[in-house]
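Colleague: My structure is in entry.txt, and what it holds is compact mmCIF, C-alpha atoms:
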# COMPACT_ATOMS: atom_id res chain seq x y z
CA MET A 1 116.14 64.75 120.55
CA LEU A 2 117.37 67.93 122.20
CA LYS A 3 117.10 69.79 118.89
CA LYS A 4 113.47 68.71 118.45
CA ARG A 5 112.69 69.70 122.05
CA PHE A 6 114.29 73.11 121.45
CA GLN A 7 112.25 73.63 118.29
CA PHE A 8 109.05 72.69 120.13
CA LEU A 9 109.78 75.13 122.95
CA LEU A 10 110.67 77.85 120.45
CA ILE A 11 107.39 77.42 118.59
CA PHE A 12 105.43 77.17 121.86
CA PHE A 13 106.74 80.48 123.16
CA LEU A 14 106.89 82.39 119.86
CA PHE A 15 103.43 81.63 118.50
CA PRO A 16 101.57 83.67 121.15
CA LEU A 17 103.83 86.60 120.28
CA PHE A 18 103.01 86.25 116.58
CA PHE A 19 99.30 86.11 117.21
CA ASN A 20 99.31 89.02 119.65
CA CYS A 21 101.24 91.22 117.22
CA ASN A 22 98.96 90.48 114.28
CA LYS A 23 96.73 93.42 113.38
CA LEU A 24 93.81 91.08 112.68
CA LYS A 25 93.54 90.41 116.42
CA ASP A 26 91.34 93.50 116.59
CA LEU A 27 89.02 92.22 113.88
CA THR A 28 86.23 89.67 114.17
CA ASP A 29 87.77 86.67 112.41
CA PRO A 30 88.84 84.18 115.11
CA TYR A 31 91.33 82.31 112.93
CA VAL A 32 94.54 84.29 112.46
CA PRO A 33 97.62 82.94 110.66
CA ILE A 34 101.08 84.21 111.55
CA SER A 35 101.49 87.62 109.96
CA LEU A 36 104.59 89.11 108.40
CA ASP A 37 103.66 92.18 110.47
CA SER A 38 104.64 90.15 113.53
CA PHE A 39 108.32 90.34 112.67
CA LYS A 40 110.30 93.49 113.39
CA SER A 41 112.25 92.99 110.18
CA LEU A 42 113.03 90.38 107.56
CA ASP A 43 116.33 89.88 109.36
CA SER A 44 114.29 88.91 112.42
CA LEU A 45 112.28 86.45 110.32
CA THR A 46 115.54 85.04 108.97
CA GLU A 47 116.82 84.40 112.50
CA GLN A 48 113.60 82.60 113.41
CA VAL A 49 113.95 80.44 110.31
CA LYS A 50 117.49 79.49 111.34
CA ALA A 51 116.24 78.51 114.80
CA LEU A 52 113.32 76.48 113.48
CA GLY A 53 115.21 74.83 110.65
CA TYR A 54 112.48 75.59 108.11
CA VAL A 55 110.52 78.54 106.69
CA PRO A 56 107.18 78.59 108.55
CA SER A 57 103.89 79.58 106.96
CA TYR A 58 102.95 83.24 107.38
CA THR A 59 100.66 85.69 105.63
CA SER A 60 101.01 89.04 103.88
CA GLN A 61 97.18 89.33 103.65
CA GLY A 62 97.50 89.33 99.86
CA GLY A 63 100.30 91.89 99.84
CA GLU A 64 102.36 89.85 97.34
CA TYR A 65 105.57 90.08 99.37
CA GLY A 66 105.89 86.80 101.20
CA LEU A 67 105.71 83.07 100.59
CA ILE A 68 103.75 83.39 97.32
CA SER A 69 103.80 86.17 94.74
CA GLY A 70 102.38 86.55 91.25
CA ALA A 71 104.08 88.16 88.29
CA ASP A 72 102.14 89.29 85.23
CA ARG A 73 102.45 85.81 83.72
CA GLY A 74 104.04 83.72 86.42
CA MET A 75 104.19 82.77 90.08
CA CYS A 76 106.89 82.16 92.70
CA VAL A 77 106.72 80.23 95.98
CA VAL A 78 109.16 80.09 98.90
CA MET A 79 109.57 76.45 99.91
CA ARG A 80 109.91 75.18 103.49
CA ASN A 81 113.62 74.47 102.94
CA GLY A 82 114.28 78.06 101.84
CA SER A 83 114.54 77.38 98.13
CA ILE A 84 112.25 79.18 95.66
CA LYS A 85 110.21 77.61 92.88
CA CYS A 86 108.69 79.58 89.99
CA TRP A 87 106.80 79.00 86.76
CA GLY A 88 105.59 81.07 83.81
CA ASN A 89 107.26 83.55 81.45
CA ASN A 90 111.04 83.76 81.56
CA GLY A 91 112.11 86.12 78.77
CA SER A 92 114.28 88.18 81.13
CA GLY A 93 115.36 85.39 83.42
CA GLN A 94 112.78 86.40 86.03
CA LEU A 95 112.26 82.79 87.15
CA GLY A 96 115.75 82.71 88.59
CA ASN A 97 116.85 79.50 86.88
CA GLY A 98 119.84 81.12 85.19
CA ASN A 99 118.54 81.45 81.63
CA THR A 100 116.10 83.35 79.44
CA THR A 101 114.74 80.41 77.51
CA THR A 102 111.20 79.21 76.99
CA PRO A 103 108.50 79.72 79.61
CA GLN A 104 108.40 77.09 82.33
CA LEU A 105 105.08 75.22 82.30
CA LEU A 106 105.76 73.50 85.63
CA PRO A 107 107.37 74.81 88.83
CA VAL A 108 111.17 74.86 88.60
CA LEU A 109 113.80 75.61 91.21
CA ALA A 110 115.31 79.08 91.00
CA THR A 111 118.74 77.48 90.91
CA ALA A 112 120.58 80.72 90.12
CA LEU A 113 119.80 81.92 93.65
CA GLY A 114 122.24 79.34 94.96
CA THR A 115 119.96 78.25 97.80
CA THR A 116 121.46 75.26 99.57
CA SER A 117 120.18 74.68 103.09
CA ILE A 118 118.98 76.56 106.14
CA ALA A 119 121.67 74.93 108.26
CA GLY A 120 124.73 76.94 107.27
CA GLY A 121 123.68 77.60 103.69
CA VAL A 122 121.85 80.14 101.53
CA PHE A 123 118.06 80.32 101.82
CA GLY A 124 115.17 82.66 101.09
CA VAL A 125 112.33 83.79 103.36
CA ALA A 126 110.22 86.07 101.11
CA VAL A 127 109.68 86.80 97.40
CA SER A 128 107.92 89.42 95.26
CA SER A 129 107.57 89.37 91.46
CA GLY A 130 106.92 92.06 88.86
CA LEU A 131 106.51 92.20 85.10
CA ASN A 132 109.93 90.81 84.13
CA SER A 133 111.86 90.89 87.39
CA SER A 134 111.72 89.40 90.86
CA CYS A 135 113.23 90.13 94.25
CA ALA A 136 113.74 87.94 97.29
CA PHE A 137 115.05 88.38 100.78
CA LEU A 138 117.79 85.82 101.30
CA ASN A 139 119.84 85.32 104.43
CA SER A 140 122.61 86.92 102.35
CA GLY A 141 120.54 90.09 101.83
CA PHE A 142 117.99 91.65 99.50
CA ASN A 143 118.53 90.31 95.97
CA CYS A 144 116.82 90.90 92.62
CA TRP A 145 117.07 89.36 89.15
CA GLY A 146 115.54 89.68 85.69
CA ASN A 147 115.02 92.83 83.63
CA ASN A 148 116.81 96.00 84.76
CA GLY A 149 115.73 98.40 82.02
CA ALA A 150 114.36 100.87 84.55
CA GLY A 151 116.93 100.18 87.24
CA GLN A 152 114.41 98.07 89.15
CA LEU A 153 117.05 95.59 90.37
CA GLY A 154 118.32 98.18 92.83
CA LEU A 155 121.88 98.48 91.52
CA GLY A 156 121.77 102.26 91.15
CA SER A 157 121.84 102.08 87.35
CA THR A 158 120.33 100.28 84.37
CA SER A 159 123.48 98.21 83.88
CA PRO A 160 123.36 95.33 83.33
CA ALA A 161 120.16 95.46 81.30
CA THR A 162 119.29 91.94 82.42
CA SER A 163 120.61 89.63 85.12
CA THR A 164 119.65 85.96 85.13
CA SER A 165 121.39 85.57 88.49
CA PRO A 166 120.44 87.40 91.69
CA VAL A 167 122.30 90.62 92.42
CA LEU A 168 122.50 92.38 95.75
CA ALA A 169 120.46 95.61 95.74
CA THR A 170 123.35 97.88 96.63
CA ILE A 171 121.18 100.99 97.00
CA LEU A 172 119.81 99.39 100.20
CA SER A 173 123.21 98.77 101.75
CA GLY A 174 123.12 99.11 105.53
CA LYS A 175 119.31 99.34 105.69
CA THR A 176 117.03 97.02 107.66
CA ILE A 177 113.97 95.99 105.66
CA LYS A 178 110.57 95.04 107.03
CA GLN A 179 108.67 94.58 103.75
CA PHE A 180 109.30 94.88 100.02
CA THR A 181 107.10 94.95 96.95
CA VAL A 182 107.71 94.83 93.19
CA GLY A 183 105.54 96.55 90.57
CA ASP A 184 105.84 96.26 86.80
CA THR A 185 109.10 98.20 86.55
CA HIS A 186 109.53 99.75 89.99
CA ALA A 187 110.06 98.45 93.50
CA CYS A 188 109.67 99.72 97.06
CA VAL A 189 110.73 98.69 100.53
CA LEU A 190 109.56 99.57 104.01
CA PHE A 191 112.37 100.31 106.45
CA SER A 192 112.18 98.91 109.98
CA SER A 193 114.08 101.76 111.64
CA ASP A 194 111.61 104.58 111.00
CA SER A 195 108.67 102.90 109.21
CA SER A 196 109.36 104.93 106.07
CA ALA A 197 109.17 103.82 102.44
CA PHE A 198 111.85 103.92 99.76
CA CYS A 199 111.19 103.36 96.04
CA TRP A 200 113.22 103.13 92.83
CA GLY A 201 112.91 102.38 89.12
CA ASN A 202 110.35 103.59 86.60
CA ASN A 203 108.42 106.74 87.55
CA ASN A 204 106.50 107.57 84.38
CA TYR A 205 103.20 107.56 86.27
CA GLY A 206 104.55 108.95 89.54
CA GLN A 207 104.65 105.51 91.14
CA LEU A 208 107.74 106.43 93.18
CA GLY A 209 105.76 109.10 95.04
CA ASP A 210 108.43 111.81 95.12
CA GLY A 211 106.40 114.46 93.30
CA THR A 212 108.12 113.98 89.94
CA LEU A 213 107.78 111.80 86.86
CA VAL A 214 111.53 111.22 86.69
CA ASN A 215 112.93 107.71 86.94
CA SER A 216 115.22 107.17 89.91
CA PHE A 217 117.94 104.54 89.98
CA PRO A 218 119.44 105.47 93.37
CA GLY A 219 115.91 105.62 94.79
CA VAL A 220 113.73 108.21 96.53
CA LYS A 221 111.48 108.48 99.55
CA PRO A 222 107.78 109.07 98.85
CA ILE A 223 106.58 112.38 100.24
CA ILE A 224 104.66 111.28 103.32
CA THR A 225 105.23 112.03 106.99
CA GLU A 226 103.03 109.37 108.62
CA PRO A 227 104.78 106.18 109.75
CA ILE A 228 103.88 103.29 107.46
CA ARG A 229 102.72 99.84 108.54
CA SER A 230 102.48 98.08 105.16
CA ILE A 231 103.18 98.73 101.48
CA ALA A 232 102.02 97.10 98.24
CA ALA A 233 102.77 97.85 94.59
CA SER A 234 100.74 97.01 91.51
CA ASP A 235 101.64 97.62 87.87
CA PHE A 236 102.01 101.43 87.89
CA MET A 237 100.87 102.32 91.39
CA THR A 238 101.99 102.06 95.00
CA CYS A 239 99.78 102.03 98.10
CA ILE A 240 100.44 102.07 101.82
CA ILE A 241 98.58 101.65 105.09
CA THR A 242 99.79 103.88 107.93
CA PHE A 243 99.74 103.07 111.62
CA SER A 244 96.73 105.38 111.91
CA ASN A 245 94.93 103.14 109.37
CA ASN A 246 94.97 105.68 106.56
CA GLY A 247 95.25 104.32 103.03
CA TYR A 248 97.40 106.34 100.61
CA CYS A 249 98.15 105.61 96.94
CA TRP A 250 100.14 107.26 94.15
CA GLY A 251 100.77 106.59 90.47
CA ASN A 252 98.25 105.34 87.93
CA ALA A 253 95.12 103.60 89.23
CA THR A 254 93.53 102.91 85.84
CA LYS A 255 94.50 101.93 82.31
CA ASN A 256 94.12 105.52 81.11
CA GLN A 257 97.45 107.34 81.14
CA ASN A 258 95.76 110.65 81.89
CA PHE A 259 93.81 109.39 84.89
CA GLN A 260 96.33 109.29 87.68
CA LEU A 261 96.31 109.52 91.44
CA GLY A 262 99.29 111.86 91.25
CA ALA A 263 103.01 111.76 91.83
CA THR A 264 102.70 112.26 95.59
CA PRO A 265 100.77 110.12 98.08
CA THR A 266 97.03 110.80 97.98
CA LEU A 267 94.82 109.97 100.95
CA ILE A 268 92.28 107.53 99.55
CA ILE A 269 90.52 106.16 102.59
CA SER A 270 90.57 106.07 106.39
CA GLY A 271 89.88 103.10 108.62
CA ALA A 272 91.81 100.67 106.40
CA ALA A 273 93.50 97.50 107.65
CA TYR A 274 95.06 96.04 104.48
CA VAL A 275 95.60 96.91 100.82
CA SER A 276 95.74 94.59 97.83
CA GLY A 277 98.93 93.74 96.01
CA GLY A 278 98.85 92.29 92.52
CA ASP A 279 99.04 93.08 88.82
CA ALA A 280 96.20 95.51 88.50
CA SER A 281 94.90 98.87 87.35
CA HIS A 282 92.65 98.93 90.39
CA VAL A 283 93.16 98.58 94.13
CA CYS A 284 91.08 97.30 97.03
CA PHE A 285 91.23 97.89 100.77
CA ILE A 286 90.08 95.69 103.63
CA MET A 287 88.58 97.98 106.22
CA LEU A 288 88.80 97.63 109.99
CA ASP A 289 85.26 96.23 109.98
CA GLN A 290 86.44 93.64 107.40
CA THR A 291 84.35 95.01 104.56
CA VAL A 292 86.05 95.70 101.21
CA GLN A 293 86.25 98.95 99.24
CA CYS A 294 87.78 99.24 95.75
CA LEU A 295 88.69 101.98 93.26
CA GLY A 296 90.31 102.30 89.85
CA ASN A 297 89.47 100.69 86.54
CA ASN A 298 86.13 98.87 86.30
CA ASP A 299 85.86 97.79 82.67
CA LYS A 300 85.32 94.15 83.69
CA GLY A 301 83.44 94.66 86.95
CA GLN A 302 86.59 94.22 89.04
CA LEU A 303 85.45 96.78 91.62
CA GLY A 304 82.69 94.37 92.64
CA ASN A 305 79.97 97.00 92.92
CA GLY A 306 77.57 95.29 90.51
CA GLN A 307 78.48 97.58 87.61
CA ILE A 308 80.77 97.77 84.59
CA ASN A 309 82.25 101.16 83.75
CA PRO A 310 84.32 100.98 80.55
CA GLY A 311 85.58 104.55 80.84
CA ASP A 312 88.42 106.04 82.85
CA GLY A 313 87.54 104.49 86.21
CA THR A 314 87.23 106.18 89.57
CA ILE A 315 89.38 107.23 92.50
CA THR A 316 86.32 107.18 94.75
CA PRO A 317 86.25 103.88 96.67
CA PHE A 318 83.17 101.69 96.23
CA ARG A 319 82.12 99.19 98.88
CA VAL A 320 81.73 95.62 97.66
CA PRO A 321 78.19 94.77 98.84
CA ASN A 322 77.43 91.56 100.73
CA LEU A 323 81.10 90.74 101.26
CA LEU A 324 81.81 90.51 104.98
CA GLY A 325 84.59 89.13 107.15
CA ALA A 326 87.37 89.74 104.62
CA SER A 327 90.88 89.04 105.90
CA MET A 328 92.98 88.98 102.68
CA ILE A 329 92.63 90.74 99.32
CA VAL A 330 94.48 90.59 96.00
CA ALA A 331 93.96 92.23 92.61
CA GLY A 332 94.73 90.73 89.20
CA GLU A 333 94.73 92.58 85.91
CA SER A 334 90.92 92.78 85.74
CA HIS A 335 89.75 90.54 88.56
CA THR A 336 89.80 90.64 92.35
CA CYS A 337 89.81 87.89 94.98
CA ALA A 338 89.15 88.07 98.72
CA VAL A 339 89.44 85.55 101.54
CA THR A 340 86.51 85.45 103.97
CA LYS A 341 84.59 83.14 106.33
CA ASN A 342 87.32 82.69 108.93
CA ASN A 343 89.94 82.19 106.21
CA THR A 344 88.13 79.22 104.66
CA LEU A 345 86.47 80.76 101.59
CA VAL A 346 87.76 82.59 98.50
CA SER A 347 85.46 84.81 96.45
CA CYS A 348 86.45 86.44 93.14
CA TRP A 349 84.84 88.90 90.74
CA GLY A 350 85.58 90.71 87.48
CA ASP A 351 86.93 89.26 84.24
CA ASN A 352 86.69 85.49 83.74
CA SER A 353 88.04 85.03 80.21
CA ASP A 354 90.78 82.71 81.53
CA GLY A 355 88.88 81.13 84.40
CA GLN A 356 90.36 83.57 86.92
CA LEU A 357 87.17 83.60 89.01
CA GLY A 358 87.70 79.92 89.78
CA ASN A 359 84.01 79.03 89.63
CA GLY A 360 84.39 76.21 87.10
CA VAL A 361 83.70 78.14 83.90
CA SER A 362 85.53 80.62 81.66
CA GLY A 363 84.77 82.92 78.75
CA ILE A 364 84.63 86.57 77.76
CA ASN A 365 80.95 86.66 78.74
CA LYS A 366 81.38 84.65 81.94
CA GLY A 367 82.63 87.44 84.18
CA SER A 368 80.85 88.75 87.25
CA THR A 369 80.38 92.15 88.83
CA ILE A 370 79.68 90.51 92.20
CA PRO A 371 81.74 87.99 94.22
CA LEU A 372 81.55 84.31 93.21
CA THR A 373 82.89 81.38 95.24
CA VAL A 374 86.07 79.65 94.06
CA THR A 375 85.58 75.90 93.76
CA GLY A 376 88.14 73.12 94.12
CA ILE A 377 89.77 74.17 97.40
CA PRO A 378 89.43 71.20 99.79
CA GLU A 379 86.59 71.64 102.25
CA GLY A 380 87.75 72.69 105.70
CA SER A 381 91.05 74.13 104.44
CA LYS A 382 92.52 77.14 106.21
CA ILE A 383 93.94 79.75 103.87
CA VAL A 384 97.22 81.38 104.88
CA ASP A 385 97.80 83.74 101.95
CA ILE A 386 96.67 84.63 98.45
CA ALA A 387 98.49 86.00 95.38
CA SER A 388 97.51 86.93 91.85
CA ALA A 389 99.00 86.99 88.36
CA ASP A 390 97.32 88.91 85.53
CA VAL A 391 94.65 86.29 84.82
CA GLY A 392 94.96 83.76 87.63
CA SER A 393 95.37 83.46 91.39
CA CYS A 394 96.81 81.08 93.98
CA VAL A 395 96.26 80.39 97.67
CA LEU A 396 98.61 78.92 100.25
CA LEU A 397 96.86 76.57 102.67
CA SER A 398 97.85 75.84 106.27
CA ASN A 399 99.10 72.38 105.25
CA ASP A 400 101.51 74.13 102.82
CA ASP A 401 99.58 73.10 99.71
CA VAL A 402 99.42 75.74 96.96
CA TYR A 403 96.21 75.73 94.89
CA CYS A 404 95.77 77.88 91.76
CA TRP A 405 93.07 78.70 89.21
CA GLY A 406 92.89 80.67 85.99
CA ASN A 407 96.16 81.01 84.08
CA THR A 408 99.08 81.81 86.37
CA GLY A 409 101.62 81.71 83.54
CA SER A 410 101.30 78.14 82.32
CA ALA A 411 98.70 76.69 79.98
CA THR A 412 99.57 73.29 81.42
CA LEU A 413 98.54 74.40 84.92
CA ALA A 414 95.56 76.49 83.80
CA SER A 415 92.21 75.55 85.33
CA THR A 416 88.76 77.06 85.78
CA SER A 417 88.65 75.79 89.37
CA ALA A 418 91.35 75.53 92.02
CA GLN A 419 93.84 72.70 91.59
CA LYS A 420 96.90 71.71 93.61
CA ILE A 421 100.20 72.86 92.07
CA LEU A 422 102.71 71.92 94.77
CA ASN A 423 103.35 71.58 98.48
CA ARG A 424 105.98 73.79 100.11
CA ALA A 425 107.61 70.67 101.55
CA ASP A 426 108.22 69.20 98.09
CA PRO A 427 111.89 68.61 97.23
Spit out the file's structure as structure tokens when you get a sec.
Modeller:
Amino acid sequence: MLKKRFQFLLIFFLFPLFFNCNKLKDLTDPYVPISLDSFKSLDSLTEQVKALGYVPSYTSQGGEYGLISGADRGMCVVMRNGSIKCWGNNGSGQLGNGNTTTPQLLPVLATALGTTSIAGGVFGVAVSSGLNSSCAFLNSGFNCWGNNGAGQLGLGSTSPATSTSPVLATILSGKTIKQFTVGDTHACVLFSSDSSAFCWGNNNYGQLGDGTLVNSFPGVKPIITEPIRSIAASDFMTCIITFSNNGYCWGNATKNQNFQLGATPTLIISGAAYVSGGDASHVCFIMLDQTVQCLGNNDKGQLGNGQINPGDGTITPFRVPNLLGASMIVAGESHTCAVTKNNTLVSCWGDNSDGQLGNGVSGINKGSTIPLTVTGIPEGSKIVDIASADVGSCVLLSNDDVYCWGNTGSATLASTSAQKILNRADP
């Protein structure tokens, strides 16, 4: 009884803090879920989880570094009890179940992480997935598993080439992490102490931001002096939002190897609130006025400007017309999804060959250059976060249900409209 009363009082006093710290408080949407921005560090989040006895729902605004994260062909979810469930491709052991066998068509526990219980055991609070590797923040530290061919597991080398069990990212020893993000073969973190970024792994497109195209296993700091509020990686690119609401990106923003943003951070846009994570060759920003602007590849209409441009793409942001009140944004390989209407509506645009627009149809000629409404999400649901794989997306609802559409790594779970995959309270 006393424990329940303590938990109630903890929630009662902490929730106003979470809401007041959330950057969306300055925007026009009245409904605001708990934001990962509210926590000083992931260590702070971990302590709150210990006090509550469960992992609460929170949002990354589509940043792909939280409770749900999409890989190229897979998805991972942090459960309420601190375990992690994943599904999809597993050729490098990226699902965390201790093997590299066949793809998992249904969600499976990442048993290799050794999660036991929040009360005195091992548990996770956040996850981010890349092409063939994943990372999670556990109460034991920042751990990664899967392919390590570019040193993306954070061990300071490319040995071992693959790890089916989580390994502690030793290059981050002694550092306090606020956020982390995993691209195809690189990864980055945001440090709490000085709001600076740190990246490691593959750098063939300049995605590490240090001014070179040289891979770095010990890691490097991107060349930027502004303090950083949030960071998100896509396949071959990294983007940040600074505390002055400037949006910077570096690496490759399109599918054309010769069309790059550069190996150092490039100022893309001012007045930005959030930037999309995902598995994309394009990127989108939610602005302070909650409109959306996108740049990069547009061969499938994924920029949402009513056009298809099969060429190199653009580094000039285009505003998505008639899309207002956006609070979360995520980018798939050739599609984009945004959450609007007080966090109750999801709209997607771009390629729809695998049903990734979620509007009930699919086909190579069924794409859209303008936003379409995702169907199948229960009416009245409040959306907490959104994540994307290459050709599918998922949302986390306030009741802890996870709904997905398109193909998120499993033909068994594929759907042209949103369908329930799991609840975070499932065993």
Colleague: Could you name the residues that touch range 112-119 of chain A at 8 Å or less, counting all atoms listed in the file, but leaving out those on the same chain fewer than 5 positions away, as a list in words?
Modeller: Val49, Lys50, Gly53, Tyr54, Asn81, Gly82, Ser83, Gly96, Asn97, Gly98, Gly124, Thr164, Ser165 and Pro166 of chain A
Colleague: May I ask for the distance between CA of Ile241 in chain A and CA of Arg73 in chain A, given in Å to one decimal place?
Modeller: 26.9 Å
Colleague: How many Å lie between CA of Asn139 in chain A and CA of Val125 in chain A, rounded to one decimal?
Modeller: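 These two atoms are separated by 7.7 Å.
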Colleague: Find the residues around range 409-423 of chain A up to 6 Å (all atoms listed in the file counted), leave out those fewer than 4 positions away in its own chain, and share them as a short mmCIF file (atom, residue, chain, number, x, y, z; two decimals) with C-alpha atoms, in the frame of the given file.
Modeller:
data_model
loop_
_atom_site.label_atom_id
_atom_site.label_comp_id
_atom_site.auth_asym_id
_atom_site.auth_seq_id
_atom_site.Cartn_x
_atom_site.Cartn_y
_atom_site.Cartn_z
CA ARG A 73 102.45 85.81 83.72
CA GLY A 74 104.04 83.72 86.42
CA GLY A 88 105.59 81.07 83.81
CA LEU A 105 105.08 75.22 82.30
CA GLY A 355 88.88 81.13 84.40
CA GLY A 358 87.70 79.92 89.78
CA ASN A 359 84.01 79.03 89.63
CA GLY A 360 84.39 76.21 87.10
CA VAL A 361 83.70 78.14 83.90
CA THR A 375 85.58 75.90 93.76
CA GLY A 376 88.14 73.12 94.12
CA ILE A 377 89.77 74.17 97.40
CA ASP A 400 101.51 74.13 102.82
CA ASP A 401 99.58 73.10 99.71
CA VAL A 402 99.42 75.74 96.96
CA TYR A 403 96.21 75.73 94.89
CA CYS A 404 95.77 77.88 91.76
CA TRP A 405 93.07 78.70 89.21
#
Colleague: Taking into account all atoms listed in the file, which residue in the set A:Trp250, A:Gly149, A:Thr336, A:Gly325 is nearest to Val374 in chain A?
Modeller: A:Thr336
Colleague: Restricting the calculation to only C-alpha atoms: of A:Gly183, A:Gln260, A:Ala136, A:Lys366, which residue gets closest to Cys76 in chain A?
Modeller: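 With only C-alpha atoms as the atom set, the closest residue is A:Ala136.
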Colleague: CA of Pro222 in chain A to CA of Ser163 in chain A: how many Å, to one decimal?
Modeller: 27.0 Å
Colleague: Given the point (107.2, 73.8, 103.5) in the coordinates of this file, which residues lie within 6 Å, counting only C-alpha atoms, and how would they look as a list in words?
Modeller: Met79, Arg80, Asp400, Arg424 and Ala425 of chain A
Colleague: Tell me which of A:Asp354, A:Asp390, A:Asp184, A:Asp385 sits closest to Val77 in chain A, counting all atoms listed in the file.
Modeller: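 Closest to Val77 in chain A, using all atoms listed in the file: A:Asp385.
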Colleague: Would you please work out which residue, of A:Thr266, A:Thr162, A:Ser334, A:Thr181, is nearest to Ile223 in chain A when using all atoms listed in the file?
Modeller: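 Smallest distance to Ile223 in chain A is found for A:Thr266.
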Colleague: Out of A:Ser388, A:Ser134, A:Ser38, A:Asn147, which residue has the shortest atom-to-atom distance to Gly406 in chain A when counting all atoms listed in the file?
Modeller: A:Ser388
Colleague: Go through A:Thr264, A:Thr369, A:Ser128, A:Asn90 and flag the residue nearest Ala387 in chain A, using all atoms listed in the file for the distances.
Modeller: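 Checking each candidate against Ala387 in chain A, we get A:Ser128 as the closest.
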Colleague: Could you list, as a list in words, every residue within 8 Å of Gly66 in chain A, counting all atoms listed in the file and ignoring same-chain residues fewer than 4 positions away?
Modeller: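 Near Gly66 in chain A, the qualifying residues are Leu36, Tyr58, Thr59, Ser60, Val78, Val125, Ala126, Val127 and Ser128 of chain A.
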Colleague: Hey, can you pull every residue with an atom no more than 8 Å from (109.3, 88.6, 84.8), using all atoms listed in the file, and send it as a PyMOL selection string?
Modeller: chain A and resi 71-74+89-95+129-134+146-147
